[in-house]
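With mmCIF, C-alpha atoms and all ligand atoms inside, this is model_4.cif:
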data_run
loop_
_atom_site.label_atom_id
_atom_site.label_comp_id
_atom_site.auth_asym_id
_atom_site.auth_seq_id
_atom_site.Cartn_x
_atom_site.Cartn_y
_atom_site.Cartn_z
CA MET A 1 154.50 144.65 -242.13
CA ALA A 2 156.95 142.94 -239.80
CA LYS A 3 159.84 145.13 -238.81
CA ASN A 4 163.36 144.21 -239.84
CA LYS A 5 165.66 142.96 -237.12
CA ILE A 6 169.20 144.17 -236.78
CA SER A 7 171.53 142.49 -234.31
CA LEU A 8 174.77 144.07 -233.22
CA ILE A 9 177.35 141.58 -231.98
CA GLY A 10 179.49 143.68 -229.67
CA GLY A 11 177.88 146.58 -227.86
CA GLY A 12 180.92 148.73 -227.15
CA GLN A 13 181.78 152.09 -228.66
CA ILE A 14 180.82 151.29 -232.26
CA GLY A 15 177.98 148.97 -231.19
CA GLY A 16 176.28 151.69 -229.14
CA ASN A 17 176.48 154.16 -232.01
CA LEU A 18 175.22 151.57 -234.48
CA ALA A 19 172.17 151.09 -232.26
CA LEU A 20 171.51 154.83 -232.13
CA LEU A 21 171.88 155.32 -235.90
CA ALA A 22 169.86 152.22 -236.82
CA ALA A 23 167.06 153.36 -234.54
CA GLN A 24 167.11 156.94 -235.78
CA LYS A 25 166.79 155.72 -239.36
CA GLU A 26 164.06 153.27 -238.25
CA LEU A 27 165.89 150.46 -240.03
CA GLY A 28 164.22 147.96 -237.69
CA ASP A 29 164.24 146.60 -234.15
CA VAL A 30 167.71 146.41 -232.68
CA ILE A 31 169.37 143.80 -230.46
CA ILE A 32 172.64 144.84 -228.84
CA PHE A 33 174.41 141.60 -227.96
CA ASP A 34 177.55 141.30 -225.85
CA ILE A 35 179.26 138.76 -223.57
CA PRO A 36 177.69 138.07 -220.13
CA LYS A 37 180.29 140.27 -218.43
CA ALA A 38 178.95 143.22 -220.47
CA GLU A 39 175.25 142.36 -220.14
CA GLY A 40 174.47 145.26 -217.80
CA MET A 41 176.27 147.68 -220.11
CA VAL A 42 174.26 146.69 -223.21
CA LYS A 43 170.97 146.50 -221.29
CA GLY A 44 171.69 149.99 -219.94
CA LYS A 45 172.52 151.35 -223.40
CA ALA A 46 169.34 149.81 -224.81
CA LEU A 47 167.19 151.33 -222.07
CA ASP A 48 168.80 154.73 -222.52
CA LEU A 49 168.10 154.57 -226.27
CA MET A 50 164.48 153.50 -225.62
CA GLN A 51 164.14 156.66 -223.54
CA LEU A 52 165.64 158.80 -226.31
CA ARG A 53 162.80 157.81 -228.64
CA PRO A 54 160.18 160.29 -227.36
CA HIS A 55 162.48 163.15 -228.37
CA ASP A 56 163.16 161.78 -231.83
CA GLY A 57 159.94 159.85 -232.33
CA TYR A 58 161.28 156.63 -233.79
CA ASP A 59 159.09 153.59 -233.24
CA VAL A 60 161.54 150.73 -232.97
CA THR A 61 162.56 148.60 -230.03
CA ILE A 62 166.13 148.40 -228.75
CA THR A 63 167.05 145.48 -226.49
CA GLY A 64 170.29 144.51 -224.77
CA SER A 65 171.16 140.82 -224.41
CA SER A 66 173.89 138.30 -223.74
CA ASP A 67 171.77 135.38 -224.94
CA TYR A 68 172.40 134.38 -228.55
CA LYS A 69 168.79 133.16 -228.80
CA ASP A 70 167.74 136.81 -228.96
CA ILE A 71 169.42 137.33 -232.35
CA ALA A 72 167.22 134.60 -233.92
CA ASP A 73 166.18 135.31 -237.49
CA SER A 74 167.95 138.66 -237.75
CA ASP A 75 167.90 140.31 -241.17
CA VAL A 76 171.20 142.08 -240.61
CA ILE A 77 174.07 141.30 -238.25
CA ILE A 78 176.84 143.82 -237.65
CA ILE A 79 179.91 142.46 -235.85
CA THR A 80 182.21 144.64 -233.77
CA ALA A 81 183.06 141.97 -231.18
CA GLY A 82 186.69 142.06 -230.20
CA ILE A 83 189.22 144.53 -228.89
CA PRO A 84 190.26 147.81 -230.54
CA ARG A 85 193.78 149.15 -231.02
CA LYS A 86 195.85 151.04 -228.46
CA PRO A 87 198.54 153.57 -229.46
CA GLY A 88 201.53 151.84 -231.07
CA MET A 89 199.48 148.83 -232.18
CA ASP A 90 198.86 147.77 -235.79
CA ARG A 91 195.45 146.36 -236.65
CA GLU A 92 197.31 143.06 -237.20
CA ASP A 93 198.34 143.02 -233.52
CA LEU A 94 194.68 142.28 -232.70
CA LEU A 95 194.63 139.07 -234.72
CA GLY A 96 195.34 136.57 -231.93
CA ILE A 97 192.52 137.72 -229.64
CA ASN A 98 189.94 138.76 -232.23
CA LEU A 99 190.27 135.59 -234.33
CA GLY A 100 189.14 133.42 -231.41
CA ILE A 101 186.23 135.79 -230.80
CA MET A 102 185.25 135.82 -234.50
CA LYS A 103 185.19 132.01 -234.69
CA ASP A 104 182.80 131.89 -231.72
CA VAL A 105 180.61 134.65 -233.21
CA ALA A 106 180.50 132.94 -236.62
CA GLU A 107 179.35 129.63 -235.10
CA ASN A 108 176.58 131.37 -233.19
CA VAL A 109 175.40 133.55 -236.07
CA LYS A 110 175.29 130.47 -238.29
CA LYS A 111 173.16 128.70 -235.69
CA HIS A 112 170.74 131.49 -234.83
CA ALA A 113 170.56 133.80 -237.85
CA PRO A 114 171.49 131.74 -240.91
CA ASN A 115 169.75 134.06 -243.39
CA ALA A 116 171.23 137.34 -242.21
CA PHE A 117 173.30 139.78 -244.25
CA VAL A 118 176.49 140.09 -242.21
CA ILE A 119 178.68 143.17 -242.00
CA VAL A 120 182.01 142.64 -240.23
CA ILE A 121 183.81 145.59 -238.62
CA SER A 122 186.24 143.91 -236.16
CA ASN A 123 189.93 144.27 -236.96
CA PRO A 124 192.14 143.23 -238.64
CA LEU A 125 189.19 143.67 -240.98
CA ASP A 126 190.26 141.77 -244.09
CA ALA A 127 191.20 138.71 -242.03
CA MET A 128 188.14 138.90 -239.76
CA VAL A 129 185.66 138.96 -242.66
CA TYR A 130 187.57 136.08 -244.28
CA ALA A 131 187.39 134.12 -241.00
CA PHE A 132 183.67 134.77 -240.61
CA HIS A 133 183.01 133.55 -244.14
CA LYS A 134 185.16 130.43 -243.71
CA VAL A 135 183.73 129.40 -240.35
CA SER A 136 180.07 130.22 -241.05
CA GLY A 137 179.99 128.85 -244.60
CA PHE A 138 177.64 131.73 -245.55
CA ALA A 139 177.18 132.52 -249.24
CA LYS A 140 179.68 135.11 -250.43
CA ASN A 141 177.00 137.70 -251.21
CA LYS A 142 175.80 137.59 -247.58
CA VAL A 143 179.15 138.51 -246.01
CA VAL A 144 180.96 141.81 -246.35
CA GLY A 145 183.54 143.87 -244.49
CA MET A 146 183.14 147.53 -243.65
CA ALA A 147 186.36 149.42 -244.32
CA GLY A 148 186.41 151.01 -247.77
CA ALA A 149 183.30 153.01 -246.92
CA LEU A 150 185.09 154.51 -243.93
CA ASP A 151 188.44 154.97 -245.68
CA SER A 152 186.73 156.67 -248.63
CA GLY A 153 184.69 158.81 -246.22
CA ARG A 154 187.90 159.92 -244.54
CA PHE A 155 189.43 160.81 -247.90
CA ARG A 156 186.28 162.74 -248.81
CA ALA A 157 186.33 164.58 -245.49
CA PHE A 158 189.97 165.63 -245.97
CA ILE A 159 189.29 166.87 -249.52
CA ALA A 160 186.31 168.89 -248.29
CA MET A 161 188.45 170.34 -245.46
CA GLU A 162 191.19 171.24 -247.96
CA THR A 163 188.93 172.93 -250.53
CA GLY A 164 186.29 174.35 -248.20
CA PHE A 165 183.61 172.92 -250.52
CA SER A 166 180.70 170.75 -249.40
CA VAL A 167 181.62 167.24 -248.37
CA GLN A 168 178.36 166.19 -250.03
CA ASP A 169 179.86 166.92 -253.45
CA VAL A 170 183.12 165.04 -252.94
CA THR A 171 183.22 161.58 -254.47
CA CYS A 172 186.15 159.23 -254.40
CA MET A 173 187.05 155.70 -253.51
CA VAL A 174 189.73 153.99 -251.52
CA LEU A 175 190.31 150.36 -252.49
CA GLY A 176 192.40 147.49 -251.16
CA GLY A 177 193.02 146.29 -247.63
CA HIS A 178 192.10 148.21 -244.49
CA GLY A 179 195.64 149.04 -243.48
CA ASP A 180 198.44 151.43 -244.30
CA THR A 181 198.69 149.89 -247.80
CA MET A 182 195.13 150.93 -248.80
CA VAL A 183 194.85 152.47 -252.27
CA PRO A 184 193.17 155.88 -252.70
CA ILE A 185 192.13 156.24 -256.36
CA THR A 186 192.82 159.98 -256.47
CA ARG A 187 192.71 160.03 -260.29
CA LEU A 188 188.93 159.49 -260.14
CA ALA A 189 188.14 161.77 -257.19
CA THR A 190 185.95 164.75 -257.98
CA VAL A 191 184.24 167.68 -256.30
CA GLY A 192 180.89 168.14 -258.02
CA GLY A 193 182.29 166.37 -261.08
CA VAL A 194 185.42 168.55 -261.25
CA PRO A 195 188.58 166.41 -260.93
CA VAL A 196 190.37 167.09 -257.62
CA THR A 197 193.60 167.21 -259.57
CA ALA A 198 192.34 170.52 -261.03
CA LEU A 199 191.60 171.91 -257.57
CA ILE A 200 194.41 170.73 -255.29
CA SER A 201 198.17 170.67 -255.93
CA SER A 202 199.82 167.29 -256.35
CA GLU A 203 201.88 167.86 -253.18
CA ARG A 204 198.76 168.53 -251.11
CA LEU A 205 196.94 165.58 -252.68
CA LYS A 206 199.84 163.34 -251.76
CA ALA A 207 199.65 164.62 -248.17
CA ILE A 208 195.88 163.93 -248.10
CA GLU A 209 196.43 160.38 -249.40
CA ASP A 210 199.07 159.79 -246.72
CA ARG A 211 196.81 161.17 -243.99
CA THR A 212 193.95 158.95 -245.19
CA ARG A 213 196.11 155.83 -244.94
CA VAL A 214 196.87 156.48 -241.28
CA ALA A 215 193.63 158.28 -240.35
CA GLY A 216 192.54 155.51 -237.98
CA GLY A 217 195.91 155.66 -236.20
CA GLU A 218 195.68 159.45 -235.87
CA ILE A 219 192.49 159.00 -233.82
CA VAL A 220 193.92 156.07 -231.82
CA LYS A 221 196.82 158.32 -230.80
CA LEU A 222 194.48 161.14 -229.76
CA PHE A 223 192.22 158.85 -227.72
CA GLY A 224 195.10 157.01 -226.06
CA ASN A 225 192.75 154.09 -225.47
CA GLY A 226 190.46 152.75 -228.18
CA SER A 227 189.74 153.66 -231.78
CA ALA A 228 187.31 155.69 -233.90
CA PHE A 229 183.63 154.90 -233.53
CA TYR A 230 181.27 157.57 -234.91
CA ALA A 231 182.34 157.39 -238.57
CA PRO A 232 182.83 153.59 -238.52
CA ALA A 233 179.27 153.18 -237.21
CA GLN A 234 177.76 155.50 -239.82
CA SER A 235 179.67 153.75 -242.62
CA ALA A 236 178.24 150.37 -241.65
CA ILE A 237 174.72 151.78 -241.29
CA GLU A 238 174.99 153.11 -244.86
CA MET A 239 175.67 149.53 -245.99
CA ALA A 240 172.89 148.01 -243.87
CA GLU A 241 170.40 150.57 -245.16
CA SER A 242 171.33 149.87 -248.77
CA TYR A 243 170.64 146.16 -248.16
CA LEU A 244 167.38 146.57 -246.24
CA ARG A 245 165.97 149.19 -248.61
CA ASP A 246 167.40 147.61 -251.78
CA LYS A 247 169.04 150.90 -252.70
CA LYS A 248 171.83 149.33 -254.78
CA ARG A 249 174.35 151.89 -253.56
CA VAL A 250 177.87 151.54 -254.88
CA ILE A 251 180.15 151.48 -251.85
CA PRO A 252 183.78 150.37 -251.52
CA CYS A 253 183.52 147.27 -249.29
CA ALA A 254 185.62 144.22 -248.48
CA SER A 255 183.87 141.75 -250.80
CA LEU A 256 185.03 138.27 -251.75
CA CYS A 257 186.82 138.61 -255.09
CA GLU A 258 186.94 135.70 -257.48
CA GLY A 259 189.07 137.14 -260.23
CA GLU A 260 187.97 140.79 -260.02
CA PHE A 261 190.96 143.16 -260.18
CA GLY A 262 193.14 140.03 -260.38
CA VAL A 263 192.27 139.03 -256.80
CA GLU A 264 191.38 135.38 -256.25
CA GLY A 265 189.73 134.12 -253.08
CA TYR A 266 190.26 137.09 -250.76
CA PHE A 267 188.03 139.76 -249.29
CA ILE A 268 189.44 143.11 -250.29
CA GLY A 269 188.06 146.62 -250.70
CA VAL A 270 186.40 146.96 -254.11
CA PRO A 271 183.42 148.99 -255.42
CA SER A 272 180.43 146.83 -254.49
CA VAL A 273 176.72 147.10 -255.28
CA ILE A 274 174.67 146.46 -252.13
CA GLY A 275 170.97 145.68 -252.56
CA ALA A 276 168.37 143.15 -251.48
CA GLY A 277 170.63 140.39 -252.80
CA GLY A 278 173.44 141.46 -250.46
CA VAL A 279 176.68 142.13 -252.35
CA GLU A 280 175.06 141.90 -255.77
CA LYS A 281 178.06 142.81 -257.87
CA VAL A 282 181.65 144.01 -257.78
CA LEU A 283 182.16 146.79 -260.32
CA GLU A 284 185.43 146.32 -262.15
CA PHE A 285 187.24 149.02 -264.10
CA ASP A 286 190.71 149.46 -265.56
CA LEU A 287 193.35 150.48 -263.07
CA THR A 288 196.55 152.20 -264.16
CA SER A 289 199.64 150.02 -263.84
CA GLU A 290 200.66 152.05 -260.79
CA GLU A 291 197.26 151.55 -259.11
CA GLN A 292 197.33 147.82 -259.92
CA ALA A 293 200.82 147.57 -258.41
CA GLU A 294 199.55 149.28 -255.25
CA LEU A 295 196.58 146.90 -255.13
CA ASN A 296 198.92 143.92 -255.49
CA ASN A 297 200.99 145.32 -252.65
CA THR A 298 197.94 145.64 -250.38
CA LEU A 299 196.89 142.12 -251.37
CA GLU A 300 200.26 140.79 -250.20
CA ALA A 301 199.67 142.38 -246.80
CA VAL A 302 196.16 140.85 -246.62
CA GLU A 303 197.44 137.41 -247.71
CA LYS A 304 200.12 137.52 -245.01
CA THR A 305 197.59 138.27 -242.23
CA ILE A 306 195.19 135.63 -243.51
CA GLY A 307 198.05 133.13 -243.64
CA GLU A 308 198.53 133.74 -239.92
CA THR A 309 194.89 132.77 -239.18
CA GLY A 310 195.62 129.19 -240.27
CA LEU A 311 192.19 129.07 -241.97
P1 LIG A 401 184.89 148.21 -227.92
O1 LIG A 401 184.28 149.46 -227.44
O2 LIG A 401 185.95 147.58 -227.06
O3 LIG A 401 183.71 147.14 -228.17
C1 LIG A 401 183.94 145.82 -228.47
C2 LIG A 401 182.91 144.99 -227.74
O4 LIG A 401 183.05 143.62 -228.14
C3 LIG A 401 183.04 145.04 -226.22
O5 LIG A 401 181.83 145.53 -225.64
C4 LIG A 401 183.30 143.58 -225.85
O6 LIG A 401 182.71 143.19 -224.60
C5 LIG A 401 182.65 142.86 -227.03
N1 LIG A 401 183.06 141.46 -227.15
C6 LIG A 401 184.25 140.90 -226.83
N2 LIG A 401 184.20 139.57 -227.05
C7 LIG A 401 182.97 139.28 -227.51
C8 LIG A 401 182.32 138.09 -227.93
N3 LIG A 401 182.94 136.91 -227.89
N4 LIG A 401 181.05 138.17 -228.34
C9 LIG A 401 180.41 139.36 -228.38
N5 LIG A 401 180.97 140.52 -228.01
C10 LIG A 401 182.24 140.49 -227.59
O7 LIG A 401 185.53 148.39 -229.37
P2 LIG A 401 184.99 149.31 -230.59
O8 LIG A 401 183.52 149.21 -230.64
O9 LIG A 401 185.64 150.64 -230.51
O10 LIG A 401 185.66 148.52 -231.82
C11 LIG A 401 185.23 147.23 -232.16
C12 LIG A 401 186.12 146.61 -233.23
O11 LIG A 401 186.00 147.36 -234.44
C13 LIG A 401 187.62 146.59 -232.91
O12 LIG A 401 188.18 145.36 -233.32
C14 LIG A 401 188.18 147.73 -233.75
O13 LIG A 401 189.54 147.54 -234.08
C15 LIG A 401 187.29 147.63 -234.97
N6 LIG A 401 187.23 148.83 -235.81
C16 LIG A 401 187.22 148.63 -237.15
C17 LIG A 401 187.16 149.72 -238.01
C18 LIG A 401 187.15 149.49 -239.49
O14 LIG A 401 187.11 150.44 -240.25
C19 LIG A 401 187.21 148.13 -240.01
C20 LIG A 401 187.12 151.02 -237.50
C21 LIG A 401 187.13 151.19 -236.12
C22 LIG A 401 187.20 150.07 -235.28
#

Would you write the structure of this file as structure tokens?
Amino acid sequence: MAKNKISLIGGGQIGGNLALLAAQKELGDVIIFDIPKAEGMVKGKALDLMQLRPHDGYDVTITGSSDYKDIADSDVIIITAGIPRKPGMDREDLLGINLGIMKDVAENVKKHAPNAFVIVISNPLDAMVYAFHKVSGFAKNKVVGMAGALDSGRFRAFIAMETGFSVQDVTCMVLGGHGDTMVPITRLATVGGVPVTALISSERLKAIEDRTRVAGGEIVKLFGNGSAFYAPAQSAIEMAESYLRDKKRVIPCASLCEGEFGVEGYFIGVPSVIGAGGVEKVLEFDLTSEEQAELNNTLEAVEKTIGETGL
């Protein structure tokens, strides 16, 4: 059976970790693509990962490249091309530079890998996934943004840290845009099926929600230069794996909404079923009026950023 092919557009901090995780899970052969200036860096990373294989025993090939021809016929494309935040920057501050990069990437992915399932990670996420979709003309089920998976993972991690219980048993979702207006649905969060509201005081839960909203910024401040990369990479790999192995996992992702949750024509974080058909379905459920108001608020922020793209 032919191996799947996964191409990573952008081989920086997240790109390198995506390559490692994709290889370790034997999701398929991996191409790490970057601009010519970074060709040595991605070729070096690929070679280093090839030499890690004897210790871990995974039989896939990892190749570095700055030639778009090498991504031909990829099954999955994961895009991190662009620049990350520095302390004091909003994700929106990246728009000017990353939009130009995303347009170039979308044209090339359309040309060389027109059947791929595309996961966008570059920020500002909700605008970048919108731009990719607009420029590439890909079907809506083949384009998705990684953000809700990470934001929900952060929320889960903080609840596990607060209770001391296994992170494996914490379920919850964070919806909306990937910014400070994201919407943690705390009402539905559980630890092993027990509502978190029965385990954690409302004051502490509020503090955990607030920390989740700015969790990316907390890491940016600590690094001083660049943003989180381990958890973002793992979150995207979870999505790629669900597609390639038709797992039909339900993951909060930036999917194109056409009426779901009252959102029309925007990519926004909603519970999405990912299987062999790509984003196969958005799972709708009743929000409380307060949650809906928060979602509308996040949508306003997303609409504003997308307005600035001129697309
Ligand atoms: P970094 O380590 O700088 O890697 C980005 C890579 O993109 C670099 O190697 C660049 O050379 C490369 N690049 C630049 N222009 C192009 C181009 N035209 N074509 C191909 N490659 C190009 O950054 P990173 O890996 O830490 O972060 C990548 C992006 O992900 C940034 O925009 C971050 O803001 C974003 N990010 C998003 C999340 C989400 O949850 C959505 C989380 C963390 C980071």

Please build the interface table for chain A against ligand LIG 401 (chain A) with a cut-off of 8 Å, listing for each qualifying residue the nearest atom pair and the distance in Å to one decimal; count all atoms listed in the file, order rows by chain and increasing number, and write it as a Markdown table.
| residue | atom | partner | partner_atom | distance |
| --- | --- | --- | --- | --- |
| A:Ile9 | CA | A:LIG401 | C9 | 5.2 |
| A:Gly10 | CA | A:LIG401 | N5 | 3.9 |
| A:Gly11 | CA | A:LIG401 | O5 | 4.7 |
| A:Gly12 | CA | A:LIG401 | O3 | 3.4 |
| A:Gln13 | CA | A:LIG401 | O1 | 3.8 |
| A:Ile14 | CA | A:LIG401 | O8 | 3.8 |
| A:Gly15 | CA | A:LIG401 | O8 | 5.6 |
| A:Gly16 | CA | A:LIG401 | O8 | 7.8 |
| A:Phe33 | CA | A:LIG401 | C9 | 6.4 |
| A:Asp34 | CA | A:LIG401 | N5 | 4.1 |
| A:Ile35 | CA | A:LIG401 | C9 | 5.0 |
| A:Lys37 | CA | A:LIG401 | O6 | 7.2 |
| A:Ala38 | CA | A:LIG401 | O6 | 5.6 |
| A:Ile79 | CA | A:LIG401 | C12 | 7.9 |
| A:Thr80 | CA | A:LIG401 | C11 | 4.3 |
| A:Ala81 | CA | A:LIG401 | O4 | 3.5 |
| A:Gly82 | CA | A:LIG401 | C6 | 4.3 |
| A:Ile83 | CA | A:LIG401 | O12 | 4.6 |
| A:Pro84 | CA | A:LIG401 | O13 | 3.6 |
| A:Arg85 | CA | A:LIG401 | O13 | 5.5 |
| A:Arg91 | CA | A:LIG401 | O13 | 6.6 |
| A:Leu94 | CA | A:LIG401 | O12 | 7.2 |
| A:Asn98 | CA | A:LIG401 | O12 | 6.9 |
| A:Gly100 | CA | A:LIG401 | N3 | 7.9 |
| A:Ile101 | CA | A:LIG401 | N3 | 4.5 |
| A:Met102 | CA | A:LIG401 | N3 | 7.1 |
| A:Asp104 | CA | A:LIG401 | N3 | 6.3 |
| A:Val105 | CA | A:LIG401 | N4 | 6.0 |
| A:Val120 | CA | A:LIG401 | C19 | 7.6 |
| A:Ile121 | CA | A:LIG401 | C19 | 4.5 |
| A:Ser122 | CA | A:LIG401 | O12 | 3.7 |
| A:Asn123 | CA | A:LIG401 | O12 | 4.2 |
| A:Pro124 | CA | A:LIG401 | O13 | 6.8 |
| A:Leu125 | CA | A:LIG401 | C19 | 5.0 |
| A:Gly145 | CA | A:LIG401 | C19 | 7.2 |
| A:Met146 | CA | A:LIG401 | C19 | 5.5 |
| A:Ala147 | CA | A:LIG401 | O14 | 4.3 |
| A:Gly148 | CA | A:LIG401 | O14 | 7.6 |
| A:Leu150 | CA | A:LIG401 | O14 | 5.8 |
| A:Asp151 | CA | A:LIG401 | O14 | 7.2 |
| A:His178 | CA | A:LIG401 | C19 | 6.6 |
| A:Gly216 | CA | A:LIG401 | C20 | 7.1 |
| A:Gly226 | CA | A:LIG401 | O9 | 5.8 |
| A:Ser227 | CA | A:LIG401 | O9 | 5.2 |
| A:Ala228 | CA | A:LIG401 | C21 | 5.0 |
| A:Phe229 | CA | A:LIG401 | O9 | 5.6 |
| A:Pro232 | CA | A:LIG401 | C20 | 5.1 |

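Using only C-alpha atoms, the shortest contact distance between Gly179 in chain A and any of A:Asp93, A:Asp56, A:Glu162, A:Glu39 is found at A:Asp93.
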
Exercise for the section: With a distance cut-off of 7 Å and all atoms listed in the file, select the neighbouring residues of range 205-214 of chain A, excluding the residue or stretch itself and same-chain residues fewer than 5 positions from it, and output the selection as a PyMOL selection string. Expected result: chain A and resi 151+154-155+158+179-180+182+184+200

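You can rank A:Leu47, A:Val270, A:Ala233, A:Val302 by their closest distance to Leu18 in chain A using all atoms listed in the file, and at the top of that list sits A:Ala233.
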
Exercise for the section: Using all atoms listed in the file, give me every residue within 7 Å of (175.8, 149.0, -254.9) in file coordinates, as an NGL selection string. Expected result: :A and (248-251 or 272-275)

Mind rebuilding range 193-206 of chain A with N, CA, C and O atoms and writing that out as a PDB file, in the frame of the given file?
ATOM      1  N   GLY A 193     181.949 166.773-259.709  1.00  0.00           N
ATOM      2  CA  GLY A 193     182.290 166.370-261.080  1.00  0.00           C
ATOM      3  C   GLY A 193     183.600 166.971-261.584  1.00  0.00           C
ATOM      4  O   GLY A 193     184.115 166.554-262.620  1.00  0.00           O
ATOM      5  N   VAL A 194     184.142 167.933-260.837  1.00  0.00           N
ATOM      6  CA  VAL A 194     185.420 168.550-261.250  1.00  0.00           C
ATOM      7  C   VAL A 194     186.561 167.711-260.654  1.00  0.00           C
ATOM      8  O   VAL A 194     186.588 167.488-259.429  1.00  0.00           O
ATOM      9  N   PRO A 195     187.496 167.242-261.478  1.00  0.00           N
ATOM     10  CA  PRO A 195     188.580 166.410-260.930  1.00  0.00           C
ATOM     11  C   PRO A 195     189.348 167.133-259.812  1.00  0.00           C
ATOM     12  O   PRO A 195     189.653 168.326-259.970  1.00  0.00           O
ATOM     13  N   VAL A 196     189.635 166.428-258.724  1.00  0.00           N
ATOM     14  CA  VAL A 196     190.370 167.090-257.620  1.00  0.00           C
ATOM     15  C   VAL A 196     191.755 167.527-258.078  1.00  0.00           C
ATOM     16  O   VAL A 196     192.318 168.473-257.532  1.00  0.00           O
ATOM     17  N   THR A 197     192.267 166.850-259.087  1.00  0.00           N
ATOM     18  CA  THR A 197     193.600 167.210-259.570  1.00  0.00           C
ATOM     19  C   THR A 197     193.615 168.631-260.163  1.00  0.00           C
ATOM     20  O   THR A 197     194.663 169.248-260.280  1.00  0.00           O
ATOM     21  N   ALA A 198     192.424 169.150-260.518  1.00  0.00           N
ATOM     22  CA  ALA A 198     192.340 170.520-261.030  1.00  0.00           C
ATOM     23  C   ALA A 198     192.170 171.532-259.893  1.00  0.00           C
ATOM     24  O   ALA A 198     192.255 172.740-260.110  1.00  0.00           O
ATOM     25  N   LEU A 199     191.915 171.019-258.697  1.00  0.00           N
ATOM     26  CA  LEU A 199     191.600 171.910-257.570  1.00  0.00           C
ATOM     27  C   LEU A 199     192.670 171.949-256.493  1.00  0.00           C
ATOM     28  O   LEU A 199     192.780 172.910-255.739  1.00  0.00           O
ATOM     29  N   ILE A 200     193.442 170.855-256.388  1.00  0.00           N
ATOM     30  CA  ILE A 200     194.410 170.730-255.290  1.00  0.00           C
ATOM     31  C   ILE A 200     195.770 170.351-255.885  1.00  0.00           C
ATOM     32  O   ILE A 200     195.836 169.521-256.802  1.00  0.00           O
ATOM     33  N   SER A 201     196.828 170.950-255.383  1.00  0.00           N
ATOM     34  CA  SER A 201     198.170 170.670-255.930  1.00  0.00           C
ATOM     35  C   SER A 201     198.543 169.208-255.683  1.00  0.00           C
ATOM     36  O   SER A 201     198.043 168.575-254.750  1.00  0.00           O
ATOM     37  N   SER A 202     199.442 168.704-256.512  1.00  0.00           N
ATOM     38  CA  SER A 202     199.820 167.290-256.350  1.00  0.00           C
ATOM     39  C   SER A 202     200.496 167.044-255.007  1.00  0.00           C
ATOM     40  O   SER A 202     200.328 165.982-254.405  1.00  0.00           O
ATOM     41  N   GLU A 203     201.235 168.040-254.494  1.00  0.00           N
ATOM     42  CA  GLU A 203     201.880 167.860-253.180  1.00  0.00           C
ATOM     43  C   GLU A 203     200.815 167.711-252.084  1.00  0.00           C
ATOM     44  O   GLU A 203     200.898 166.850-251.223  1.00  0.00           O
ATOM     45  N   ARG A 204     199.814 168.583-252.134  1.00  0.00           N
ATOM     46  CA  ARG A 204     198.760 168.530-251.110  1.00  0.00           C
ATOM     47  C   ARG A 204     197.940 167.243-251.246  1.00  0.00           C
ATOM     48  O   ARG A 204     197.537 166.656-250.257  1.00  0.00           O
ATOM     49  N   LEU A 205     197.698 166.833-252.493  1.00  0.00           N
ATOM     50  CA  LEU A 205     196.940 165.580-252.680  1.00  0.00           C
ATOM     51  C   LEU A 205     197.697 164.397-252.104  1.00  0.00           C
ATOM     52  O   LEU A 205     197.126 163.522-251.473  1.00  0.00           O
ATOM     53  N   LYS A 206     198.999 164.418-252.296  1.00  0.00           N
ATOM     54  CA  LYS A 206     199.840 163.340-251.760  1.00  0.00           C
ATOM     55  C   LYS A 206     199.735 163.328-250.230  1.00  0.00           C
ATOM     56  O   LYS A 206     199.607 162.279-249.594  1.00  0.00           O
TER      57      LYS A 206
END
